[in-house]
file input-v7.csv (CSV, C-alpha atoms)
chain,number,residue,atom,x,y,z
A,1,MET,CA,4.6,-19.6,9.1
A,2,ARG,CA,4.5,-21.6,5.9
A,3,GLY,CA,1.1,-23.1,5.2
A,4,LYS,CA,-0.5,-21.5,8.3
A,5,MET,CA,-0.8,-17.8,7.4
A,6,LEU,CA,-4.3,-18.2,5.9
A,7,GLU,CA,-5.7,-20.4,8.7
A,8,GLY,CA,-8.8,-18.8,10.2
A,9,ILE,CA,-8.6,-15.9,7.7
A,10,LYS,CA,-11.8,-14.6,6.0
A,11,ALA,CA,-10.4,-11.5,4.4
A,12,VAL,CA,-6.9,-10.5,3.1
A,13,ILE,CA,-6.3,-6.8,2.8
A,14,PHE,CA,-3.3,-5.5,0.7
A,15,ASP,CA,-1.5,-2.2,0.8
A,16,LEU,CA,-0.8,-1.3,-2.8
A,17,ASP,CA,2.6,0.3,-3.2
A,18,GLY,CA,5.6,-1.9,-2.2
A,19,SER,CA,3.2,-4.6,-1.0
A,20,LEU,CA,1.1,-5.8,-3.9
A,21,VAL,CA,3.0,-3.9,-6.7
A,22,ASP,CA,6.7,-3.0,-7.0
A,23,SER,CA,6.2,0.8,-7.2
A,24,MET,CA,7.9,2.5,-4.3
A,25,TRP,CA,10.8,3.6,-6.5
A,26,VAL,CA,8.4,5.8,-8.6
A,27,TRP,CA,7.7,8.4,-6.0
A,28,PRO,CA,11.2,9.7,-5.1
A,29,GLU,CA,11.7,10.2,-8.9
A,30,ILE,CA,8.4,12.2,-9.1
A,31,ASP,CA,9.3,14.2,-6.0
A,32,VAL,CA,12.6,15.2,-7.5
A,33,GLU,CA,11.1,16.2,-10.8
A,34,TYR,CA,8.1,18.0,-9.2
A,35,LEU,CA,10.0,20.0,-6.6
A,36,GLY,CA,12.7,20.8,-9.2
A,37,ARG,CA,10.1,22.8,-11.1
A,38,PHE,CA,10.0,25.2,-8.1
A,39,GLY,CA,13.8,25.2,-7.6
A,40,ILE,CA,13.6,23.0,-4.5
A,41,SER,CA,16.0,20.1,-3.8
A,42,LEU,CA,14.7,16.9,-2.4
A,43,SER,CA,15.4,16.3,1.3
A,44,GLU,CA,16.9,12.8,2.1
A,45,ARG,CA,14.5,12.7,5.0
A,46,LEU,CA,11.3,13.4,3.0
A,47,GLN,CA,10.2,9.9,2.2
A,48,GLY,CA,10.4,8.9,5.8
A,49,GLU,CA,8.4,11.9,6.9
A,50,ILE,CA,5.5,11.2,4.5
A,51,ASP,CA,5.3,7.4,4.9
A,52,GLY,CA,1.7,6.4,5.6
A,53,MET,CA,0.2,9.7,4.8
A,54,SER,CA,-2.8,9.7,2.4
A,55,PHE,CA,-2.4,11.2,-1.0
A,56,SER,CA,-4.3,14.3,0.1
A,57,GLU,CA,-2.3,14.6,3.3
A,58,THR,CA,0.9,14.3,1.4
A,59,ALA,CA,-0.2,17.0,-1.1
A,60,ALA,CA,-1.2,19.3,1.8
A,61,TYR,CA,2.2,18.6,3.5
A,62,PHE,CA,4.1,19.5,0.3
A,63,LYS,CA,2.1,22.7,-0.2
A,64,GLU,CA,2.7,23.9,3.4
A,65,ARG,CA,6.3,22.8,3.8
A,66,PHE,CA,7.6,23.9,0.4
A,67,GLY,CA,5.3,26.9,-0.2
A,68,ILE,CA,3.9,25.4,-3.4
A,69,PRO,CA,1.6,27.9,-5.0
A,70,ASP,CA,-0.7,25.3,-6.6
A,71,SER,CA,-3.8,24.1,-4.8
A,72,VAL,CA,-3.8,20.7,-3.1
A,73,GLU,CA,-6.2,19.4,-5.8
A,74,THR,CA,-3.9,20.7,-8.6
A,75,ILE,CA,-0.9,19.1,-6.9
A,76,LYS,CA,-2.7,15.7,-6.7
A,77,GLN,CA,-3.8,15.9,-10.4
A,78,GLU,CA,-0.2,16.6,-11.5
A,79,TRP,CA,1.2,13.7,-9.4
A,80,ASN,CA,-1.4,11.4,-11.0
A,81,ARG,CA,-0.5,12.6,-14.4
A,82,MET,CA,3.2,12.1,-13.7
A,83,ALA,CA,2.8,8.7,-12.1
A,84,TRP,CA,0.3,7.0,-14.4
A,85,ASP,CA,2.6,6.3,-17.4
A,86,LYS,CA,5.2,4.7,-15.0
A,87,TYR,CA,2.5,2.6,-13.3
A,88,GLU,CA,1.0,1.4,-16.6
A,89,LYS,CA,4.3,0.5,-18.2
A,90,GLU,CA,7.0,0.0,-15.5
A,91,VAL,CA,5.3,-1.2,-12.3
A,92,PRO,CA,4.9,-5.0,-12.0
A,93,LEU,CA,2.9,-7.1,-9.5
A,94,LYS,CA,5.1,-8.5,-6.8
A,95,ASP,CA,6.4,-12.0,-7.7
A,96,GLY,CA,3.7,-14.6,-7.2
A,97,ALA,CA,1.0,-12.1,-6.4
A,98,ALA,CA,-1.4,-13.0,-9.2
A,99,ASP,CA,-1.4,-16.7,-8.3
A,100,PHE,CA,-1.7,-15.9,-4.6
A,101,LEU,CA,-4.8,-13.8,-5.3
A,102,GLU,CA,-6.4,-16.6,-7.2
A,103,ALA,CA,-5.6,-19.0,-4.4
A,104,CYS,CA,-7.3,-16.8,-1.9
A,105,GLN,CA,-10.4,-16.6,-4.1
A,106,ARG,CA,-10.5,-20.4,-4.4
A,107,ARG,CA,-10.6,-20.6,-0.6
A,108,GLY,CA,-13.5,-18.1,-0.5
A,109,ILE,CA,-11.3,-15.4,1.1
A,110,LEU,CA,-12.5,-11.9,0.5
A,111,LEU,CA,-9.9,-9.5,-0.9
A,112,GLY,CA,-9.5,-5.8,-0.3
A,113,ILE,CA,-7.0,-2.9,-0.9
A,114,ALA,CA,-6.2,-0.2,1.6
A,115,THR,CA,-3.8,2.3,0.1
A,116,SER,CA,-2.4,5.7,0.7
A,117,ASN,CA,-2.3,6.3,-3.0
A,118,SER,CA,-5.0,8.0,-5.1
A,119,ARG,CA,-8.1,6.2,-6.2
A,120,GLU,CA,-7.4,7.0,-9.8
A,121,LEU,CA,-4.0,5.4,-9.7
A,122,VAL,CA,-5.1,2.3,-7.7
A,123,GLU,CA,-8.1,1.6,-10.0
A,124,ASN,CA,-6.0,2.1,-13.1
A,125,THR,CA,-3.3,-0.2,-11.7
A,126,VAL,CA,-5.8,-2.9,-10.8
A,127,ARG,CA,-7.3,-2.7,-14.3
A,128,SER,CA,-3.9,-2.7,-16.1
A,129,HIS,CA,-3.0,-6.0,-14.4
A,130,GLY,CA,-6.3,-7.6,-15.3
A,131,LEU,CA,-7.6,-7.7,-11.7
A,132,SER,CA,-10.8,-5.8,-12.2
A,133,GLY,CA,-13.5,-7.6,-10.0
A,134,THR,CA,-10.9,-9.3,-7.9
A,135,PHE,CA,-11.2,-7.0,-4.9
A,136,SER,CA,-14.5,-6.6,-3.0
A,137,CYS,CA,-13.3,-3.3,-1.5
A,138,ILE,CA,-10.8,-0.7,-2.6
A,139,LEU,CA,-10.3,2.2,-0.2
A,140,THR,CA,-7.9,5.1,-0.1
A,141,GLY,CA,-6.5,7.0,2.8
A,142,CYS,CA,-8.3,10.1,1.5
A,143,GLU,CA,-11.6,8.5,2.2
A,144,VAL,CA,-11.0,7.9,5.9
A,145,GLY,CA,-10.3,10.1,8.9
A,146,ARG,CA,-6.6,9.5,9.4
A,147,GLY,CA,-3.7,8.0,7.4
A,148,LYS,CA,-1.5,5.2,8.5
A,149,PRO,CA,-0.3,4.4,11.2
A,150,ALA,CA,-3.8,5.1,12.5
A,151,PRO,CA,-6.0,1.9,12.0
A,152,ASP,CA,-8.9,3.8,10.3
A,153,ILE,CA,-8.4,2.5,6.8
A,154,TYR,CA,-8.1,-1.1,7.8
A,155,LEU,CA,-11.0,-1.0,10.1
A,156,GLU,CA,-13.2,0.6,7.4
A,157,VAL,CA,-12.2,-2.0,4.8
A,158,ALA,CA,-13.0,-4.8,7.3
A,159,ARG,CA,-16.4,-3.2,8.0
A,160,ARG,CA,-17.2,-2.9,4.3
A,161,LEU,CA,-16.2,-6.5,3.8
A,162,GLY,CA,-18.3,-7.6,6.7
A,163,VAL,CA,-15.4,-9.4,8.4
A,164,ASP,CA,-14.3,-9.1,12.0
A,165,PRO,CA,-10.8,-7.5,12.2
A,166,SER,CA,-9.4,-10.5,14.0
A,167,ALA,CA,-10.2,-12.6,10.9
A,168,CYS,CA,-8.3,-10.3,8.6
A,169,LEU,CA,-4.7,-10.6,7.3
A,170,VAL,CA,-2.9,-7.5,6.1
A,171,PHE,CA,0.1,-7.3,3.8
A,172,GLU,CA,2.2,-4.2,4.3
A,173,ASP,CA,5.7,-3.1,3.4
A,174,ILE,CA,6.3,0.0,5.5
A,175,ILE,CA,6.4,0.4,9.3
A,176,PRO,CA,3.4,2.9,9.6
A,177,GLY,CA,1.3,0.4,7.6
A,178,ILE,CA,2.3,-2.5,9.8
A,179,GLN,CA,1.5,-0.5,12.8
A,180,ALA,CA,-1.9,0.4,11.3
A,181,GLY,CA,-2.8,-3.2,10.7
A,182,LYS,CA,-1.8,-4.2,14.2
A,183,ALA,CA,-3.7,-1.3,15.7
A,184,ALA,CA,-6.7,-2.5,13.9
A,185,GLY,CA,-6.4,-5.9,15.6
A,186,MET,CA,-5.5,-7.8,12.5
A,187,ARG,CA,-2.7,-10.2,11.7
A,188,VAL,CA,0.0,-8.5,9.6
A,189,CYS,CA,2.5,-9.9,7.2
A,190,ALA,CA,5.4,-7.6,6.4
A,191,VAL,CA,6.5,-7.7,2.7
A,192,GLU,CA,10.1,-7.2,1.7
A,193,ASP,CA,10.7,-4.2,-0.6
A,194,ALA,CA,13.9,-2.6,-1.8
A,195,TYR,CA,12.7,0.8,-0.5
A,196,SER,CA,12.7,-0.4,3.2
A,197,LEU,CA,15.4,-3.1,3.3
A,198,GLU,CA,17.2,-1.2,6.1
A,199,GLN,CA,14.1,-1.6,8.2
A,200,THR,CA,13.8,-5.4,7.8
A,201,GLU,CA,14.5,-6.3,11.4
A,202,GLU,CA,12.1,-3.8,12.7
A,203,LYS,CA,9.4,-4.9,10.3
A,204,LYS,CA,9.9,-8.5,11.4
A,205,ALA,CA,9.6,-7.5,15.0
A,206,LEU,CA,6.4,-5.6,14.5
A,207,ALA,CA,4.6,-8.0,12.1
A,208,ASP,CA,3.3,-11.5,12.7
A,209,TYR,CA,5.0,-12.8,9.5
A,210,TYR,CA,7.6,-11.7,7.0
A,211,ILE,CA,7.8,-12.7,3.3
A,212,ARG,CA,10.1,-11.9,0.4
A,213,ASP,CA,7.3,-12.2,-2.2
A,214,PHE,CA,4.1,-14.2,-2.8
A,215,THR,CA,5.6,-17.3,-4.3
A,216,PRO,CA,4.9,-20.6,-2.5
A,217,ALA,CA,8.5,-20.7,-1.4
A,218,SER,CA,7.8,-17.6,0.7
A,219,VAL,CA,4.2,-17.7,1.7
A,220,GLY,CA,3.8,-21.5,1.8
A,221,PRO,CA,1.7,-23.9,-0.3
A,222,PHE,CA,-1.5,-22.5,-1.7
call {"tool": "encode", "arguments": {"input": "input-v7.csv", "output": "structure tokens"}}
result
Amino acid sequence: MRGKMLEGIKAVIFDLDGSLVDSMWVWPEIDVEYLGRFGISLSERLQGEIDGMSFSETAAYFKERFGIPDSVETIKQEWNRMAWDKYEKEVPLKDGAADFLEACQRRGILLGIATSNSRELVENTVRSHGLSGTFSCILTGCEVGRGKPAPDIYLEVARRLGVDPSACLVFEDIIPGIQAGKAAGMRVCAVEDAYSLEQTEEKKALADYYIRDFTPASVGPF
């Protein structure tokens, strides 16, 4: 794998949470706090049930499953408000990510983001890390037909970048995301994340590559 991952690649597309930034820990905390306002305890199975859903799909799921009285839009607005302070102050880029992005740009590789998170959060996160202008396309699951594991978001990012899916490399940390990238006909690199450590072997089996982080020791020389 080392040194060969970018061979023949014209575009690299990143999932955001758990792949490009270390943020997966944020959402269980928000879920506990938010559901607690309605006297609802968090199910241990909840995160697995919503993995890959778009921000809008997740809000609709919460509203229906838990009988939340707020509208889907109000739920989304509240989640954005609750999450942003954490994203701005407590969510770092994955180790080596900034240097890896620069290396891709030096090679003329186009960069995109395909996230299940909200546009507000992803754009604020990109800006807070000084990466404005780095990505030629940022797309959210709310803007395509189906969330991951459907390939819709990855196919649309490739279309907007003007790159054939076979020349795209995807970085993903969760199984539905890996499945989405593979279903889109792209090469997929699974990214290690504390949130999904128990799924490591399955992630390795599904993906073309597996990395601990974006340092040269993991991804190979830039």
call {"tool": "closest_atom_pairs", "arguments": {"input": "input-v7.csv", "of": "stretch 109-131 of chain A", "to": "stretch 80-97 of chain A", "cutoff": "7 Å", "atoms": "only C-alpha atoms", "output": "CSV"}}
result
residue,atom,partner,partner_atom,distance
A:Leu121,CA,A:Trp84,CA,6.6
A:Thr125,CA,A:Tyr87,CA,6.6
A:Ser128,CA,A:Glu88,CA,6.4
call {"tool": "write_last_selection", "arguments": {"input": "input-v7.csv", "atoms": "C-alpha atoms", "output": "mmCIF file, in the coordinates of the input"}}
result
data_model
loop_
_atom_site.group_PDB
_atom_site.id
_atom_site.type_symbol
_atom_site.label_atom_id
_atom_site.label_comp_id
_atom_site.auth_asym_id
_atom_site.auth_seq_id
_atom_site.Cartn_x
_atom_site.Cartn_y
_atom_site.Cartn_z
ATOM 1 C CA LEU A 121 -4.000 5.400 -9.700
ATOM 2 C CA THR A 125 -3.300 -0.200 -11.700
ATOM 3 C CA SER A 128 -3.900 -2.700 -16.100
#
call {"tool": "closest_residue", "arguments": {"input": "input-v7.csv", "among": "A:Arg107, A:Cys142, A:Ala98, A:Ala59", "to": "A:Gly130", "atoms": "all atoms listed in the file"}}
result
A:Ala98
call {"tool": "atom_distance", "arguments": {"input": "input-v7.csv", "atom1": "atom CA of A:Ile13", "atom2": "atom CA of A:Val122"}}
result
13.9 Å
call {"tool": "atom_distance", "arguments": {"input": "input-v7.csv", "atom1": "atom CA of A:Val170", "atom2": "atom CA of A:Phe62"}}
result
28.5 Å
call {"tool": "closest_atom_pairs", "arguments": {"input": "input-v7.csv", "of": "stretch 74-186 of chain A", "to": "stretch 41-49 of chain A", "cutoff": "12 Å", "atoms": "all atoms listed in the file", "output": "tab-separated table"}}
result
residue	atom	partner	partner_atom	distance
A:Ile174	CA	A:Gly48	CA	9.8
A:Ile175	CA	A:Gly48	CA	10.0
A:Pro176	CA	A:Gly48	CA	10.0
call {"tool": "atom_distance", "arguments": {"input": "input-v7.csv", "atom1": "atom CA of A:Ala11", "atom2": "atom CA of A:Leu111"}}
result
5.7 Å
call {"tool": "residues_around", "arguments": {"input": "input-v7.csv", "residues": "stretch 147-159 of chain A", "least_positions_apart": "3", "cutoff": "12 Å", "atoms": "all atoms listed in the file", "output": "ChimeraX atom specification"}}
result
/A:9-15,50-58,110-117,135-144,162-172,174-188
call {"tool": "closest_residue", "arguments": {"input": "input-v7.csv", "among": "A:Ala217, A:Leu131, A:Ala60, A:Cys189", "to": "A:Lys203", "atoms": "all atoms listed in the file"}}
result
A:Cys189
call {"tool": "closest_residue", "arguments": {"input": "input-v7.csv", "among": "A:Val191, A:Leu101, A:Ala207, A:Ile40", "to": "A:Arg65", "atoms": "only C-alpha atoms"}}
result
A:Ile40
call {"tool": "residues_around", "arguments": {"input": "input-v7.csv", "residues": "A:Phe100", "least_positions_apart": "3", "cutoff": "9 Å", "atoms": "only C-alpha atoms", "output": "list in words"}}
result
Gly96, Ala97, Ala103, Cys104, Gln105, Phe214, Thr215, Pro216, Val219 and Phe222 of chain A
call {"tool": "residues_near_point", "arguments": {"input": "input-v7.csv", "point": "(9.3, -2.4, 1.1)", "cutoff": "6 Å", "atoms": "only C-alpha atoms", "output": "VMD selection string"}}
result
chain A and resid 18 173 to 174 192 to 196
call {"tool": "decode", "arguments": {"input": "input-v7.csv", "residues": "stretch 171-217 of chain A", "atoms": "C-alpha atoms", "output": "PDB file, in the first residue's frame"}}
result
ATOM      1  CA  PHE A 171     -11.286   8.080   2.879  1.00  0.00           C
ATOM      2  CA  GLU A 172     -13.965   6.702   5.228  1.00  0.00           C
ATOM      3  CA  ASP A 173     -14.127   5.577   8.854  1.00  0.00           C
ATOM      4  CA  ILE A 174     -17.496   3.778   9.080  1.00  0.00           C
ATOM      5  CA  ILE A 175     -18.762   0.687   7.305  1.00  0.00           C
ATOM      6  CA  PRO A 176     -21.738   2.352   5.521  1.00  0.00           C
ATOM      7  CA  GLY A 177     -19.329   4.974   4.168  1.00  0.00           C
ATOM      8  CA  ILE A 178     -16.856   2.359   2.947  1.00  0.00           C
ATOM      9  CA  GLN A 179     -19.736   0.534   1.274  1.00  0.00           C
ATOM     10  CA  ALA A 180     -20.883   3.773  -0.355  1.00  0.00           C
ATOM     11  CA  GLY A 181     -17.453   4.451  -1.842  1.00  0.00           C
ATOM     12  CA  LYS A 182     -17.108   0.896  -3.145  1.00  0.00           C
ATOM     13  CA  ALA A 183     -20.635   0.982  -4.587  1.00  0.00           C
ATOM     14  CA  ALA A 184     -19.624   4.145  -6.440  1.00  0.00           C
ATOM     15  CA  GLY A 185     -16.791   2.225  -8.116  1.00  0.00           C
ATOM     16  CA  MET A 186     -14.044   4.083  -6.250  1.00  0.00           C
ATOM     17  CA  ARG A 187     -10.991   2.940  -4.373  1.00  0.00           C
ATOM     18  CA  VAL A 188     -11.574   3.245  -0.631  1.00  0.00           C
ATOM     19  CA  CYS A 189      -9.165   3.675   2.243  1.00  0.00           C
ATOM     20  CA  ALA A 190     -10.574   2.912   5.681  1.00  0.00           C
ATOM     21  CA  VAL A 191      -9.433   5.272   8.431  1.00  0.00           C
ATOM     22  CA  GLU A 192      -8.910   4.115  11.999  1.00  0.00           C
ATOM     23  CA  ASP A 193     -11.110   5.848  14.547  1.00  0.00           C
ATOM     24  CA  ALA A 194     -11.723   5.166  18.224  1.00  0.00           C
ATOM     25  CA  TYR A 195     -15.476   5.129  17.574  1.00  0.00           C
ATOM     26  CA  SER A 196     -15.254   2.052  15.321  1.00  0.00           C
ATOM     27  CA  LEU A 197     -12.248   0.114  16.640  1.00  0.00           C
ATOM     28  CA  GLU A 198     -14.367  -2.988  17.180  1.00  0.00           C
ATOM     29  CA  GLN A 199     -15.085  -3.014  13.428  1.00  0.00           C
ATOM     30  CA  THR A 200     -11.444  -2.843  12.360  1.00  0.00           C
ATOM     31  CA  GLU A 201     -11.267  -6.271  10.733  1.00  0.00           C
ATOM     32  CA  GLU A 202     -14.519  -5.764   8.838  1.00  0.00           C
ATOM     33  CA  LYS A 203     -13.340  -2.343   7.651  1.00  0.00           C
ATOM     34  CA  LYS A 204     -10.078  -3.855   6.428  1.00  0.00           C
ATOM     35  CA  ALA A 205     -11.964  -6.575   4.564  1.00  0.00           C
ATOM     36  CA  LEU A 206     -14.302  -4.115   2.839  1.00  0.00           C
ATOM     37  CA  ALA A 207     -11.764  -1.412   1.928  1.00  0.00           C
ATOM     38  CA  ASP A 208      -8.810  -1.425  -0.446  1.00  0.00           C
ATOM     39  CA  TYR A 209      -6.497   0.127   2.165  1.00  0.00           C
ATOM     40  CA  TYR A 210      -6.458   0.811   5.895  1.00  0.00           C
ATOM     41  CA  ILE A 211      -4.566   3.606   7.677  1.00  0.00           C
ATOM     42  CA  ARG A 212      -4.158   4.702  11.282  1.00  0.00           C
ATOM     43  CA  ASP A 213      -3.757   8.366  10.302  1.00  0.00           C
ATOM     44  CA  PHE A 214      -2.409  10.538   7.468  1.00  0.00           C
ATOM     45  CA  THR A 215       1.228  10.620   8.503  1.00  0.00           C
ATOM     46  CA  PRO A 216       3.819   9.253   6.019  1.00  0.00           C
ATOM     47  CA  ALA A 217       4.371   6.284   8.326  1.00  0.00           C
TER      48      ALA A 217
END
